[in-house]
>>> print(open('input.txt').read())   # compact mmCIF, C-alpha atoms and all ligand atoms
# COMPACT_ATOMS: atom_id res chain seq x y z
CA MET A 155 -0.22 15.89 -23.03
CA GLU A 156 2.36 13.47 -24.26
CA GLY A 157 5.91 14.57 -23.65
CA ILE A 158 5.16 17.24 -21.07
CA LYS A 159 7.88 17.13 -18.45
CA CYS A 160 7.79 18.40 -14.91
CA GLN A 161 9.79 21.59 -14.66
CA GLY A 162 10.92 20.61 -11.20
CA CYS A 163 12.29 17.12 -11.62
CA GLY A 164 11.91 16.18 -15.26
CA VAL A 165 9.51 13.28 -14.83
CA GLU A 166 6.85 12.84 -17.52
CA ILE A 167 3.56 14.39 -16.42
CA GLN A 168 0.43 12.20 -16.16
CA THR A 169 -3.01 13.11 -14.84
CA SER A 170 -4.63 9.75 -14.15
CA GLU A 171 -2.83 8.16 -11.19
CA PRO A 172 -2.26 10.43 -8.19
CA LYS A 173 -0.02 7.99 -6.39
CA LYS A 174 2.33 7.37 -9.29
CA PRO A 175 5.31 9.47 -10.42
CA GLY A 176 4.59 12.58 -12.45
CA TYR A 177 1.01 13.11 -11.33
CA ALA A 178 -0.43 16.59 -11.75
CA PRO A 179 -4.11 17.56 -11.67
CA LYS A 180 -5.57 18.39 -15.10
CA SER A 181 -5.93 22.02 -14.09
CA ALA A 182 -2.15 22.27 -13.71
CA LEU A 183 -1.69 21.63 -17.43
CA GLU A 184 -3.02 25.07 -18.24
CA ARG A 185 -0.01 26.69 -16.66
CA GLU A 186 3.10 27.41 -18.60
CA ASP A 187 5.51 25.69 -16.22
CA VAL A 188 3.88 22.43 -15.29
CA ILE A 189 5.22 20.74 -12.18
CA CYS A 190 4.25 17.38 -10.69
CA LYS A 191 2.47 17.09 -7.35
CA ARG A 192 5.63 15.91 -5.62
CA CYS A 193 7.55 18.99 -6.73
CA PHE A 194 4.56 21.22 -6.01
CA ARG A 195 4.58 20.09 -2.41
CA LEU A 196 8.32 20.50 -2.14
CA LYS A 197 8.21 23.98 -3.60
CA HIS A 198 5.28 25.28 -1.61
CA TYR A 199 5.43 23.35 1.62
CA ASN A 200 9.09 22.34 1.78
CA GLU A 201 7.95 18.76 1.93
CA VAL A 202 9.00 15.77 -0.07
CA GLN A 203 6.21 13.43 -0.99
CA ASP A 204 6.77 9.73 -1.52
CA VAL A 205 6.01 8.25 -4.89
CA PRO A 206 6.42 4.54 -5.52
CA TYR A 207 8.62 3.55 -8.40
CA GLN A 208 9.03 0.10 -9.84
CA ASP A 209 12.32 -1.60 -9.08
CA GLU A 210 13.63 -1.60 -12.60
CA GLU A 211 12.96 2.07 -13.25
CA PHE A 212 14.62 2.82 -9.97
CA LEU A 213 17.67 0.71 -10.63
CA ASN A 214 18.08 2.29 -14.06
CA MET A 215 17.95 5.69 -12.43
CA LEU A 216 20.51 4.77 -9.83
CA ASN A 217 22.75 3.44 -12.53
CA GLN A 218 22.95 6.95 -14.01
CA ILE A 219 24.92 7.95 -10.95
CA SER A 220 27.82 5.72 -12.00
CA LYS A 221 28.35 8.02 -14.97
CA SER A 222 28.91 11.05 -12.83
CA ARG A 223 30.93 11.92 -9.78
CA GLY A 224 29.51 12.54 -6.39
CA LEU A 225 28.99 11.31 -2.87
CA ILE A 226 26.39 8.62 -2.20
CA VAL A 227 24.57 9.00 1.11
CA GLN A 228 22.90 5.69 1.81
CA LEU A 229 20.22 5.74 4.45
CA VAL A 230 19.37 2.54 6.32
CA ASP A 231 16.84 1.73 9.03
CA ILE A 232 18.72 0.26 11.98
CA PHE A 233 15.65 -1.75 12.86
CA ASP A 234 15.52 -3.34 9.44
CA LEU A 235 19.09 -3.38 8.31
CA SER A 236 19.05 -6.25 5.85
CA GLY A 237 15.80 -4.91 4.38
CA SER A 238 17.56 -1.58 3.91
CA PHE A 239 20.41 -2.59 1.65
CA ILE A 240 19.92 -2.12 -2.06
CA PRO A 241 21.14 -5.17 -3.94
CA GLY A 242 24.05 -4.26 -6.19
CA LEU A 243 24.32 -0.66 -5.00
CA GLN A 244 28.09 -0.56 -5.35
CA ARG A 245 27.90 -1.73 -8.95
CA LEU A 246 25.07 0.66 -9.76
CA THR A 247 26.75 3.72 -8.40
CA GLY A 248 30.25 3.02 -9.70
CA ASN A 249 33.28 4.08 -7.79
CA ASN A 250 31.62 6.94 -6.01
CA PRO A 251 32.27 7.08 -2.27
CA ILE A 252 29.48 5.97 0.04
CA LEU A 253 28.53 7.42 3.40
CA LEU A 254 26.37 5.01 5.38
CA VAL A 255 23.74 6.58 7.61
CA GLY A 256 21.82 4.54 10.20
CA ASN A 257 18.47 6.22 10.86
CA LYS A 258 15.87 5.91 13.65
CA MET A 259 18.35 6.04 16.54
CA ASP A 260 15.63 7.49 18.76
CA VAL A 261 13.88 4.13 19.13
CA LEU A 262 16.95 2.31 20.41
CA PRO A 263 17.41 1.97 24.15
CA GLN A 264 19.90 4.51 25.51
CA SER A 265 22.08 1.65 26.70
CA VAL A 266 22.97 0.67 23.14
CA ASN A 267 26.69 1.05 22.51
CA SER A 268 26.93 3.25 19.44
CA ASN A 269 30.43 2.05 18.56
CA LYS A 270 29.23 -1.54 18.44
CA LEU A 271 26.25 -0.41 16.39
CA LYS A 272 28.52 1.33 13.90
CA GLN A 273 30.70 -1.76 13.74
CA TRP A 274 27.67 -3.88 12.96
CA LEU A 275 26.60 -1.46 10.21
CA ARG A 276 30.07 -1.58 8.69
CA PHE A 277 30.16 -5.35 8.90
CA THR A 278 26.72 -5.72 7.30
CA ALA A 279 27.63 -3.25 4.54
CA LYS A 280 30.66 -5.37 3.78
CA GLU A 281 28.48 -8.47 3.58
CA TYR A 282 26.45 -6.67 0.92
CA GLY A 283 29.61 -5.80 -0.99
CA LEU A 284 29.67 -2.11 -0.06
CA LYS A 285 32.77 -0.14 0.70
CA VAL A 286 31.81 2.72 2.97
CA GLU A 287 33.84 5.81 3.81
CA ASP A 288 32.22 6.39 7.14
CA VAL A 289 29.18 5.52 9.23
CA HIS A 290 26.82 8.00 10.91
CA LEU A 291 23.93 7.48 13.26
CA ILE A 292 20.97 9.85 13.22
CA SER A 293 17.36 10.34 14.06
CA ALA A 294 15.93 12.14 11.06
CA GLN A 295 12.72 12.65 12.99
CA LYS A 296 14.29 14.24 16.06
CA GLY A 297 17.15 15.88 14.19
CA THR A 298 19.77 14.09 16.29
CA GLY A 299 23.15 13.77 14.60
CA MET A 300 22.06 15.88 11.62
CA GLU A 301 24.53 18.67 12.13
CA GLU A 302 27.53 16.35 12.28
CA LEU A 303 26.22 14.49 9.27
CA SER A 304 25.85 17.72 7.28
CA GLN A 305 29.47 18.52 8.05
CA ALA A 306 30.58 15.02 7.06
CA ILE A 307 28.66 15.27 3.79
CA ASP A 308 30.37 18.54 3.07
CA LYS A 309 33.77 17.07 3.80
CA HIS A 310 33.33 13.85 1.82
CA ARG A 311 31.61 15.31 -1.22
CA LYS A 312 34.76 17.26 -2.12
CA GLY A 313 32.78 19.87 -4.01
CA GLU A 314 30.74 17.31 -5.96
CA ASN A 315 27.04 16.42 -6.04
CA VAL A 316 25.34 14.35 -3.35
CA TYR A 317 22.90 11.51 -4.05
CA VAL A 318 20.67 10.31 -1.26
CA VAL A 319 19.57 6.70 -1.74
CA GLY A 320 17.56 4.24 0.32
CA THR A 321 14.86 1.60 0.19
CA THR A 322 11.30 2.63 1.02
CA ASN A 323 10.48 3.29 4.64
CA VAL A 324 14.01 3.93 5.86
CA GLY A 325 13.07 7.57 6.51
CA LYS A 326 14.49 9.18 3.41
CA SER A 327 11.69 11.73 3.04
CA THR A 328 11.91 12.62 6.70
CA PHE A 329 15.67 13.03 6.28
CA ILE A 330 15.42 15.25 3.19
CA ASN A 331 12.71 17.37 4.81
CA GLN A 332 14.90 17.76 7.88
CA LEU A 333 17.83 18.84 5.69
CA ILE A 334 15.66 21.37 3.86
CA HIS A 335 14.39 22.82 7.13
CA GLN A 336 17.93 23.03 8.46
CA SER A 337 19.32 24.82 5.48
CA SER A 338 17.02 27.81 5.82
CA GLY A 339 17.73 30.63 3.46
CA VAL A 340 17.13 28.38 0.49
CA THR A 341 13.92 29.78 -0.92
CA ASN A 342 13.37 28.02 -4.17
CA VAL A 343 14.49 24.50 -3.46
CA ILE A 344 13.59 23.12 -6.86
CA THR A 345 15.59 24.12 -9.84
CA THR A 346 14.44 23.57 -13.38
CA SER A 347 17.43 21.45 -14.19
CA TYR A 348 17.04 17.75 -13.71
CA PHE A 349 19.44 14.90 -13.74
CA PRO A 350 20.60 14.58 -17.34
CA GLY A 351 20.06 11.37 -19.19
CA THR A 352 17.15 10.12 -17.13
CA THR A 353 13.53 10.05 -18.04
CA LEU A 354 12.51 10.03 -14.40
CA GLY A 355 14.06 12.90 -12.58
CA PHE A 356 15.66 13.29 -9.21
CA ILE A 357 14.61 16.06 -6.90
CA ASP A 358 17.35 18.63 -6.97
CA ILE A 359 18.29 20.63 -3.91
CA PRO A 360 21.05 23.13 -4.68
CA LEU A 361 24.04 23.05 -2.34
CA ASP A 362 25.90 25.90 -3.98
CA HIS A 363 26.00 27.54 -7.40
CA SER A 364 27.22 24.44 -9.23
CA THR A 365 26.36 21.36 -7.17
CA SER A 366 23.21 19.80 -5.76
CA LEU A 367 21.86 17.20 -3.42
CA TYR A 368 19.62 14.79 -5.28
CA ASP A 369 16.81 12.85 -3.70
CA THR A 370 16.35 9.55 -5.52
CA PRO A 371 13.06 7.68 -5.14
CA GLY A 372 12.97 4.78 -2.66
CA VAL A 373 13.51 1.31 -4.01
CA ILE A 374 11.16 -1.44 -2.97
CA HIS A 375 13.03 -4.27 -1.35
CA ARG A 376 10.99 -7.46 -1.42
CA HIS A 377 12.58 -8.78 1.72
CA GLN A 378 11.43 -5.96 3.93
CA MET A 379 8.97 -7.05 6.57
CA ALA A 380 7.15 -3.80 5.79
CA HIS A 381 5.98 -5.19 2.45
CA TYR A 382 4.34 -8.25 3.93
CA VAL A 383 2.18 -6.51 6.49
CA SER A 384 -0.87 -4.24 6.34
CA ASP A 385 -0.57 -0.57 7.21
CA ARG A 386 -2.21 -1.24 10.55
CA ASP A 387 0.22 -4.01 11.40
CA LEU A 388 3.16 -1.94 10.23
CA LYS A 389 2.19 0.73 12.74
CA GLN A 390 2.13 -1.85 15.48
CA ILE A 391 5.43 -3.53 14.70
CA THR A 392 7.36 -0.32 14.00
CA PRO A 393 8.73 1.14 17.19
CA ARG A 394 7.93 4.82 17.49
CA LYS A 395 9.31 5.40 20.96
CA GLU A 396 12.36 4.13 22.77
CA VAL A 397 12.06 0.37 22.92
CA LYS A 398 11.56 -1.05 26.43
CA PRO A 399 13.15 -4.46 26.85
CA LYS A 400 10.93 -7.33 28.02
CA VAL A 401 12.71 -10.11 29.85
CA TYR A 402 11.67 -13.79 29.80
CA GLN A 403 13.29 -16.55 31.85
CA LEU A 404 12.89 -19.68 29.80
CA ASN A 405 13.58 -23.34 30.26
CA GLU A 406 14.53 -25.64 27.48
CA GLY A 407 11.39 -26.66 25.58
CA GLN A 408 9.65 -23.28 25.82
CA THR A 409 8.62 -21.00 22.97
CA LEU A 410 8.01 -17.28 22.55
CA PHE A 411 5.68 -15.96 19.88
CA PHE A 412 6.08 -12.38 18.69
CA GLY A 413 2.50 -11.84 17.70
CA GLY A 414 2.22 -14.44 14.95
CA LEU A 415 4.99 -12.90 12.86
CA ALA A 416 7.92 -14.66 14.41
CA ARG A 417 8.70 -17.32 16.95
CA LEU A 418 11.65 -18.44 19.05
CA ASP A 419 11.97 -22.02 20.34
CA PHE A 420 14.47 -22.67 23.10
CA THR A 421 15.55 -26.13 21.99
CA SER A 422 18.43 -26.89 24.33
CA GLY A 423 20.54 -25.37 27.09
CA GLU A 424 20.42 -24.32 30.76
CA ARG A 425 17.64 -22.05 31.97
CA SER A 426 18.38 -18.67 30.43
CA SER A 427 16.95 -15.19 30.05
CA PHE A 428 15.84 -13.86 26.71
CA ILE A 429 15.59 -10.09 26.52
CA CYS A 430 13.23 -8.94 23.79
CA TYR A 431 13.67 -5.57 22.06
CA LEU A 432 10.60 -5.10 19.90
CA SER A 433 8.03 -2.37 19.40
CA ASN A 434 6.41 -1.71 22.79
CA GLU A 435 3.06 -2.53 21.23
CA MET A 436 4.11 -5.97 20.10
CA GLU A 437 2.53 -8.79 22.11
CA ILE A 438 4.69 -11.67 23.21
CA HIS A 439 3.20 -15.06 24.14
CA ARG A 440 5.02 -17.75 26.02
CA THR A 441 4.06 -21.38 25.55
CA LYS A 442 5.46 -24.88 25.60
CA LEU A 443 7.34 -25.89 22.50
CA GLU A 444 5.21 -29.02 22.16
CA LYS A 445 2.07 -26.88 22.00
CA ALA A 446 3.47 -24.16 19.74
CA ASP A 447 2.49 -25.62 16.37
CA ASP A 448 -1.06 -26.14 17.52
CA LEU A 449 -1.33 -22.66 18.96
CA TYR A 450 -0.10 -21.20 15.70
CA LYS A 451 -2.45 -23.30 13.63
CA HIS A 452 -5.56 -22.43 15.61
CA HIS A 453 -4.91 -18.94 16.91
CA LEU A 454 -3.00 -17.12 14.22
CA GLY A 455 -4.65 -13.75 13.66
CA GLU A 456 -6.59 -13.96 16.95
CA LEU A 457 -4.47 -14.54 20.03
CA LEU A 458 -1.37 -14.24 17.88
CA THR A 459 -1.62 -10.79 16.26
CA PRO A 460 -0.31 -9.14 14.18
CA PRO A 461 -0.93 -10.48 11.48
CA ASP A 462 -4.38 -9.04 10.98
CA GLU A 463 -6.73 -10.40 8.32
CA GLU A 464 -5.20 -8.33 5.55
CA THR A 465 -1.63 -9.32 6.39
CA MET A 466 -2.60 -13.00 6.52
CA LYS A 467 -3.51 -12.91 2.84
CA GLU A 468 0.05 -11.87 1.91
CA LEU A 469 2.23 -13.29 4.63
CA PRO A 470 4.67 -15.97 3.47
CA PRO A 471 4.82 -19.11 5.65
CA LEU A 472 7.21 -19.07 8.57
CA LYS A 473 10.62 -20.53 7.87
CA ALA A 474 12.73 -22.16 10.60
CA HIS A 475 16.38 -21.27 11.20
CA ASP A 476 18.52 -23.20 13.70
CA PHE A 477 21.16 -21.34 15.67
CA LYS A 478 23.76 -22.43 18.17
CA ILE A 479 24.39 -19.29 20.21
CA PRO A 480 28.07 -18.89 21.08
CA GLY A 481 29.23 -18.43 24.66
CA GLU A 482 28.97 -14.66 24.73
CA LYS A 483 26.22 -12.05 24.90
CA THR A 484 24.50 -12.35 21.52
CA ASP A 485 21.56 -10.73 19.72
CA ILE A 486 19.24 -12.72 17.49
CA VAL A 487 18.10 -10.13 14.95
CA PHE A 488 14.73 -10.34 13.17
CA SER A 489 15.03 -7.78 10.40
CA GLY A 490 12.13 -5.32 10.58
CA LEU A 491 10.91 -6.55 13.96
CA GLY A 492 13.71 -6.15 16.48
CA TRP A 493 16.02 -8.49 18.34
CA VAL A 494 16.35 -10.84 21.30
CA THR A 495 19.46 -10.75 23.48
CA VAL A 496 20.77 -13.98 24.99
CA PRO A 497 23.08 -12.83 27.83
CA GLN A 498 25.22 -15.92 28.39
CA GLY A 499 24.88 -17.75 25.14
CA GLU A 500 25.70 -21.48 24.99
CA VAL A 501 22.12 -22.37 24.04
CA SER A 502 20.45 -23.67 20.90
CA VAL A 503 17.35 -22.09 19.45
CA THR A 504 15.14 -22.47 16.42
CA VAL A 505 13.70 -19.19 15.23
CA HIS A 506 10.89 -18.79 12.74
CA ALA A 507 10.24 -15.75 10.56
CA PRO A 508 8.29 -15.18 7.35
CA GLU A 509 10.21 -16.64 4.44
CA GLY A 510 12.45 -13.95 2.94
CA VAL A 511 12.78 -11.98 6.17
CA LYS A 512 16.35 -12.24 7.36
CA VAL A 513 17.26 -13.60 10.77
CA SER A 514 20.87 -13.28 11.91
CA LEU A 515 23.18 -13.24 14.91
CA ARG A 516 25.41 -10.41 16.04
CA GLN A 517 27.50 -9.57 19.06
CA SER A 518 25.14 -7.88 21.50
CA LEU A 519 24.81 -4.11 21.11
CA ILE A 520 24.21 -3.63 24.81
P1 LIG B 601 10.92 6.88 3.11
O1 LIG B 601 9.96 5.87 2.54
O2 LIG B 601 12.30 6.34 3.17
O3 LIG B 601 10.85 8.21 2.46
O4 LIG B 601 10.53 7.02 4.65
P2 LIG B 601 9.66 8.10 5.43
O5 LIG B 601 10.42 9.36 5.62
O6 LIG B 601 8.31 8.20 4.81
O7 LIG B 601 9.58 7.36 6.83
C1 LIG B 601 9.07 6.04 6.99
C2 LIG B 601 8.55 5.89 8.40
O8 LIG B 601 9.63 5.97 9.32
C3 LIG B 601 7.57 6.98 8.80
O9 LIG B 601 6.58 6.39 9.61
C4 LIG B 601 8.42 7.94 9.60
O10 LIG B 601 7.68 8.65 10.55
C5 LIG B 601 9.41 7.01 10.25
N1 LIG B 601 10.68 7.67 10.54
C6 LIG B 601 11.48 8.36 9.69
N2 LIG B 601 12.58 8.81 10.33
C7 LIG B 601 12.48 8.39 11.62
C8 LIG B 601 13.31 8.53 12.78
O11 LIG B 601 14.38 9.15 12.80
N3 LIG B 601 12.83 7.92 13.92
C9 LIG B 601 11.68 7.23 13.96
N4 LIG B 601 11.30 6.68 15.12
N5 LIG B 601 10.90 7.09 12.89
C10 LIG B 601 11.28 7.65 11.73
>>> encode(input="input.txt", output="structure tokens", more="lines below")
Ligand code: GDP
Amino acid sequence: MEGIKCQGCGVEIQTSEPKKPGYAPKSALEREDVICKRCFRLKHYNEVQDVPYQDEEFLNMLNQISKSRGLIVQLVDIFDLSGSFIPGLQRLTGNNPILLVGNKMDVLPQSVNSNKLKQWLRFTAKEYGLKVEDVHLISAQKGTGMEELSQAIDKHRKGENVYVVGTTNVGKSTFINQLIHQSSGVTNVITTSYFPGTTLGFIDIPLDHSTSLYDTPGVIHRHQMAHYVSDRDLKQITPRKEVKPKVYQLNEGQTLFFGGLARLDFTSGERSSFICYLSNEMEIHRTKLEKADDLYKHHLGELLTPPDEETMKELPPLKAHDFKIPGEKTDIVFSGLGWVTVPQGEVSVTVHAPEGVKVSLRQSLI
């Protein structure tokens, strides 16, 4: 079997690990043109299947892009922005232009100001050393913003290839599937050519007779909240519907727990409201700051869930971050969980999140 390559994407075929790249059932080897399960699904069901790749393999693959010309479409999850950026992307992809696409718009409250959101995406991209041509907001699931994005891709690619990149869980498969469904008329979405010079192939979706859109596999970003929690917890913390704000009036010396995954201590300032934008299924507990440590110690995983039992085995300890909120409407952002708006500012807080999960401030989006 050694050396057999998938005719769809070029990855080496293996028959032992269904969840890894290049898997094909043994029976498939009897055919002349062997294709991997991922390509099989794409070809027959117009569906892209996720396959986990190791970071290094992935980064090597991405690095191939720097040797060619094309437009990079980077997908990010607006609920987990810092978990969405691929370290060193600009270096890996060379001087190719980047279009930044914020996905999962459908879960944001309608009152979010999309210009401010775009500004924040631009600003964060800059922090990660990325120069972006333009920013687009979409819901890959609902199809919102897809038409405009397609047009922008066409404009910015200037007749070259397109490479779609993103960390796992940002919605890249959903996005590619949506694109495939949109561009009806394409019957055989997989071509037999694969990205030259790589051992692991990219999925190739022809755009015209000489250029293609390539789906690159999702990179695993260690700092994504998604990697610390069990599947069950991930379902609970990931908003699936429009987020409904929950408002708490707090006095100095009070604490909010977001399940047991994060915590906000109001350490000093006048009585203030704290407006929480988290998954509607996330439970928030209010307590006194002086009792918070005890509550956490004795009730983590019971009263304070998620984490469930499985998550607790993996979850890094909570790390404290002190913030002085400036005198304007500010959001405290817990990457992968949501955010808390402080309407007037001028307060001090200590927020706790699992070590490695980024907590930051931004000008309020609402
Ligand atoms: P990938 O790992 O980047 O390929 O991400 P997937 O396409 O598998 O999506 C990850 C999760 O995000 C899945 O639970 C999707 O249902 C969800 N998802 C993807 N796009 C959207 C979107 O536009 N809105 C919402 N609410 N969820 C989305």
>>> closest_residue(input="input.txt", among="A:Gln408, A:Ser236, A:Gln218, A:Thr465", to="Phe277 in chain A", atoms="only C-alpha atoms")
A:Ser236
>>> closest_residue(input="input.txt", among="A:Asp462, A:Glu396, A:Glu314, A:Asp447", to="Leu415 in chain A", atoms="all atoms listed in the file")
A:Asp462
>>> residues_around(input="input.txt", residues="Gln390 in chain A", least_positions_apart="4", cutoff="12 Å", atoms="only C-alpha atoms", output="list in words")
Ala380, Val383, Ser384, Asp385, Arg386, Arg394, Lys395, Phe412, Gly413, Leu415, Leu432, Ser433, Asn434, Glu435, Met436, Glu437, Thr459, Pro460, Pro461, Asp462, Gly490 and Leu491 of chain A
>>> residues_around(input="input.txt", residues="range 321-323 of chain A", least_positions_apart="2", cutoff="6 Å", atoms="all atoms listed in the file", output="PyMOL selection string")
chain A and resi 238+325+372-374
>>> atom_distance(input="input.txt", atom1="CA of Arg195 in chain A", atom2="CA of Ala182 in chain A")
13.3 Å
>>> residues_around(input="input.txt", residues="Leu515 in chain A", least_positions_apart="6", cutoff="9 Å", atoms="only C-alpha atoms", output="mmCIF file with C-alpha atoms, in the coordinates of the input")
data_model
loop_
_atom_site.group_PDB
_atom_site.id
_atom_site.type_symbol
_atom_site.label_atom_id
_atom_site.label_comp_id
_atom_site.auth_asym_id
_atom_site.auth_seq_id
_atom_site.Cartn_x
_atom_site.Cartn_y
_atom_site.Cartn_z
ATOM 1 C CA PHE A 477 21.160 -21.340 15.670
ATOM 2 C CA ILE A 479 24.390 -19.290 20.210
ATOM 3 C CA THR A 484 24.500 -12.350 21.520
ATOM 4 C CA ASP A 485 21.560 -10.730 19.720
ATOM 5 C CA ILE A 486 19.240 -12.720 17.490
ATOM 6 C CA VAL A 487 18.100 -10.130 14.950
#
>>> residues_near_ligand(input="input.txt", ligand="ligand LIG 601 (chain B)", cutoff="9 Å", atoms="all atoms listed in the file", output="PDB file with C-alpha atoms, in the coordinates of the input")
ATOM      1  CA  VAL A 202       9.000  15.770  -0.070  1.00  0.00           C
ATOM      2  CA  GLN A 203       6.210  13.430  -0.990  1.00  0.00           C
ATOM      3  CA  ASP A 204       6.770   9.730  -1.520  1.00  0.00           C
ATOM      4  CA  VAL A 205       6.010   8.250  -4.890  1.00  0.00           C
ATOM      5  CA  PRO A 206       6.420   4.540  -5.520  1.00  0.00           C
ATOM      6  CA  LEU A 229      20.220   5.740   4.450  1.00  0.00           C
ATOM      7  CA  VAL A 230      19.370   2.540   6.320  1.00  0.00           C
ATOM      8  CA  ASP A 231      16.840   1.730   9.030  1.00  0.00           C
ATOM      9  CA  ASN A 257      18.470   6.220  10.860  1.00  0.00           C
ATOM     10  CA  LYS A 258      15.870   5.910  13.650  1.00  0.00           C
ATOM     11  CA  MET A 259      18.350   6.040  16.540  1.00  0.00           C
ATOM     12  CA  ASP A 260      15.630   7.490  18.760  1.00  0.00           C
ATOM     13  CA  VAL A 261      13.880   4.130  19.130  1.00  0.00           C
ATOM     14  CA  LEU A 262      16.950   2.310  20.410  1.00  0.00           C
ATOM     15  CA  ILE A 292      20.970   9.850  13.220  1.00  0.00           C
ATOM     16  CA  SER A 293      17.360  10.340  14.060  1.00  0.00           C
ATOM     17  CA  ALA A 294      15.930  12.140  11.060  1.00  0.00           C
ATOM     18  CA  GLN A 295      12.720  12.650  12.990  1.00  0.00           C
ATOM     19  CA  LYS A 296      14.290  14.240  16.060  1.00  0.00           C
ATOM     20  CA  GLY A 297      17.150  15.880  14.190  1.00  0.00           C
ATOM     21  CA  THR A 298      19.770  14.090  16.290  1.00  0.00           C
ATOM     22  CA  VAL A 319      19.570   6.700  -1.740  1.00  0.00           C
ATOM     23  CA  GLY A 320      17.560   4.240   0.320  1.00  0.00           C
ATOM     24  CA  THR A 321      14.860   1.600   0.190  1.00  0.00           C
ATOM     25  CA  THR A 322      11.300   2.630   1.020  1.00  0.00           C
ATOM     26  CA  ASN A 323      10.480   3.290   4.640  1.00  0.00           C
ATOM     27  CA  VAL A 324      14.010   3.930   5.860  1.00  0.00           C
ATOM     28  CA  GLY A 325      13.070   7.570   6.510  1.00  0.00           C
ATOM     29  CA  LYS A 326      14.490   9.180   3.410  1.00  0.00           C
ATOM     30  CA  SER A 327      11.690  11.730   3.040  1.00  0.00           C
ATOM     31  CA  THR A 328      11.910  12.620   6.700  1.00  0.00           C
ATOM     32  CA  PHE A 329      15.670  13.030   6.280  1.00  0.00           C
ATOM     33  CA  ILE A 330      15.420  15.250   3.190  1.00  0.00           C
ATOM     34  CA  ASN A 331      12.710  17.370   4.810  1.00  0.00           C
ATOM     35  CA  PRO A 371      13.060   7.680  -5.140  1.00  0.00           C
ATOM     36  CA  GLY A 372      12.970   4.780  -2.660  1.00  0.00           C
ATOM     37  CA  VAL A 373      13.510   1.310  -4.010  1.00  0.00           C
ATOM     38  CA  LYS A 389       2.190   0.730  12.740  1.00  0.00           C
ATOM     39  CA  THR A 392       7.360  -0.320  14.000  1.00  0.00           C
ATOM     40  CA  PRO A 393       8.730   1.140  17.190  1.00  0.00           C
ATOM     41  CA  ARG A 394       7.930   4.820  17.490  1.00  0.00           C
ATOM     42  CA  LYS A 395       9.310   5.400  20.960  1.00  0.00           C
ATOM     43  CA  GLU A 396      12.360   4.130  22.770  1.00  0.00           C
TER      44      GLU A 396
END
>>> atom_distance(input="input.txt", atom1="CA of Gln336 in chain A", atom2="CA of Gly162 in chain A")
21.0 Å
>>> atom_distance(input="input.txt", atom1="CA of Leu458 in chain A", atom2="CA of Asp387 in chain A")
12.2 Å
>>> residues_near_point(input="input.txt", point="(20.8, -13.8, 11.0)", cutoff="12 Å", atoms="all atoms listed in the file", output="ChimeraX atom specification")
/A:234-236,278,281,474-479,484-489,492-494,504-507,510-517
>>> residues_around(input="input.txt", residues="Gln273 in chain A", least_positions_apart="6", cutoff="12 Å", atoms="all atoms listed in the file", output="number ranges by chain")
A: 254, 256, 267, 279-280, 286, 288-291, 516-519
>>> residues_near_point(input="input.txt", point="(27.0, 22.0, -6.1)", cutoff="12 Å", atoms="only C-alpha atoms", output="PDB file with C-alpha atoms, in the frame of the given file")
ATOM      1  CA  ARG A 223      30.930  11.920  -9.780  1.00  0.00           C
ATOM      2  CA  GLY A 224      29.510  12.540  -6.390  1.00  0.00           C
ATOM      3  CA  LEU A 225      28.990  11.310  -2.870  1.00  0.00           C
ATOM      4  CA  ASP A 308      30.370  18.540   3.070  1.00  0.00           C
ATOM      5  CA  ARG A 311      31.610  15.310  -1.220  1.00  0.00           C
ATOM      6  CA  LYS A 312      34.760  17.260  -2.120  1.00  0.00           C
ATOM      7  CA  GLY A 313      32.780  19.870  -4.010  1.00  0.00           C
ATOM      8  CA  GLU A 314      30.740  17.310  -5.960  1.00  0.00           C
ATOM      9  CA  ASN A 315      27.040  16.420  -6.040  1.00  0.00           C
ATOM     10  CA  VAL A 316      25.340  14.350  -3.350  1.00  0.00           C
ATOM     11  CA  TYR A 317      22.900  11.510  -4.050  1.00  0.00           C
ATOM     12  CA  ASP A 358      17.350  18.630  -6.970  1.00  0.00           C
ATOM     13  CA  ILE A 359      18.290  20.630  -3.910  1.00  0.00           C
ATOM     14  CA  PRO A 360      21.050  23.130  -4.680  1.00  0.00           C
ATOM     15  CA  LEU A 361      24.040  23.050  -2.340  1.00  0.00           C
ATOM     16  CA  ASP A 362      25.900  25.900  -3.980  1.00  0.00           C
ATOM     17  CA  HIS A 363      26.000  27.540  -7.400  1.00  0.00           C
ATOM     18  CA  SER A 364      27.220  24.440  -9.230  1.00  0.00           C
ATOM     19  CA  THR A 365      26.360  21.360  -7.170  1.00  0.00           C
ATOM     20  CA  SER A 366      23.210  19.800  -5.760  1.00  0.00           C
ATOM     21  CA  LEU A 367      21.860  17.200  -3.420  1.00  0.00           C
ATOM     22  CA  TYR A 368      19.620  14.790  -5.280  1.00  0.00           C
TER      23      TYR A 368
END
>>> closest_atom_pairs(input="input.txt", of="range 259-308 of chain A", to="range 239-248 of chain A", cutoff="9 Å", atoms="only C-alpha atoms", output="tab-separated table")
residue	atom	partner	partner_atom	distance
A:Ala279	CA	A:Phe239	CA	7.8
A:Tyr282	CA	A:Phe239	CA	7.3
A:Gly283	CA	A:Gln244	CA	7.0
A:Leu284	CA	A:Gln244	CA	5.7
A:Lys285	CA	A:Gln244	CA	7.7
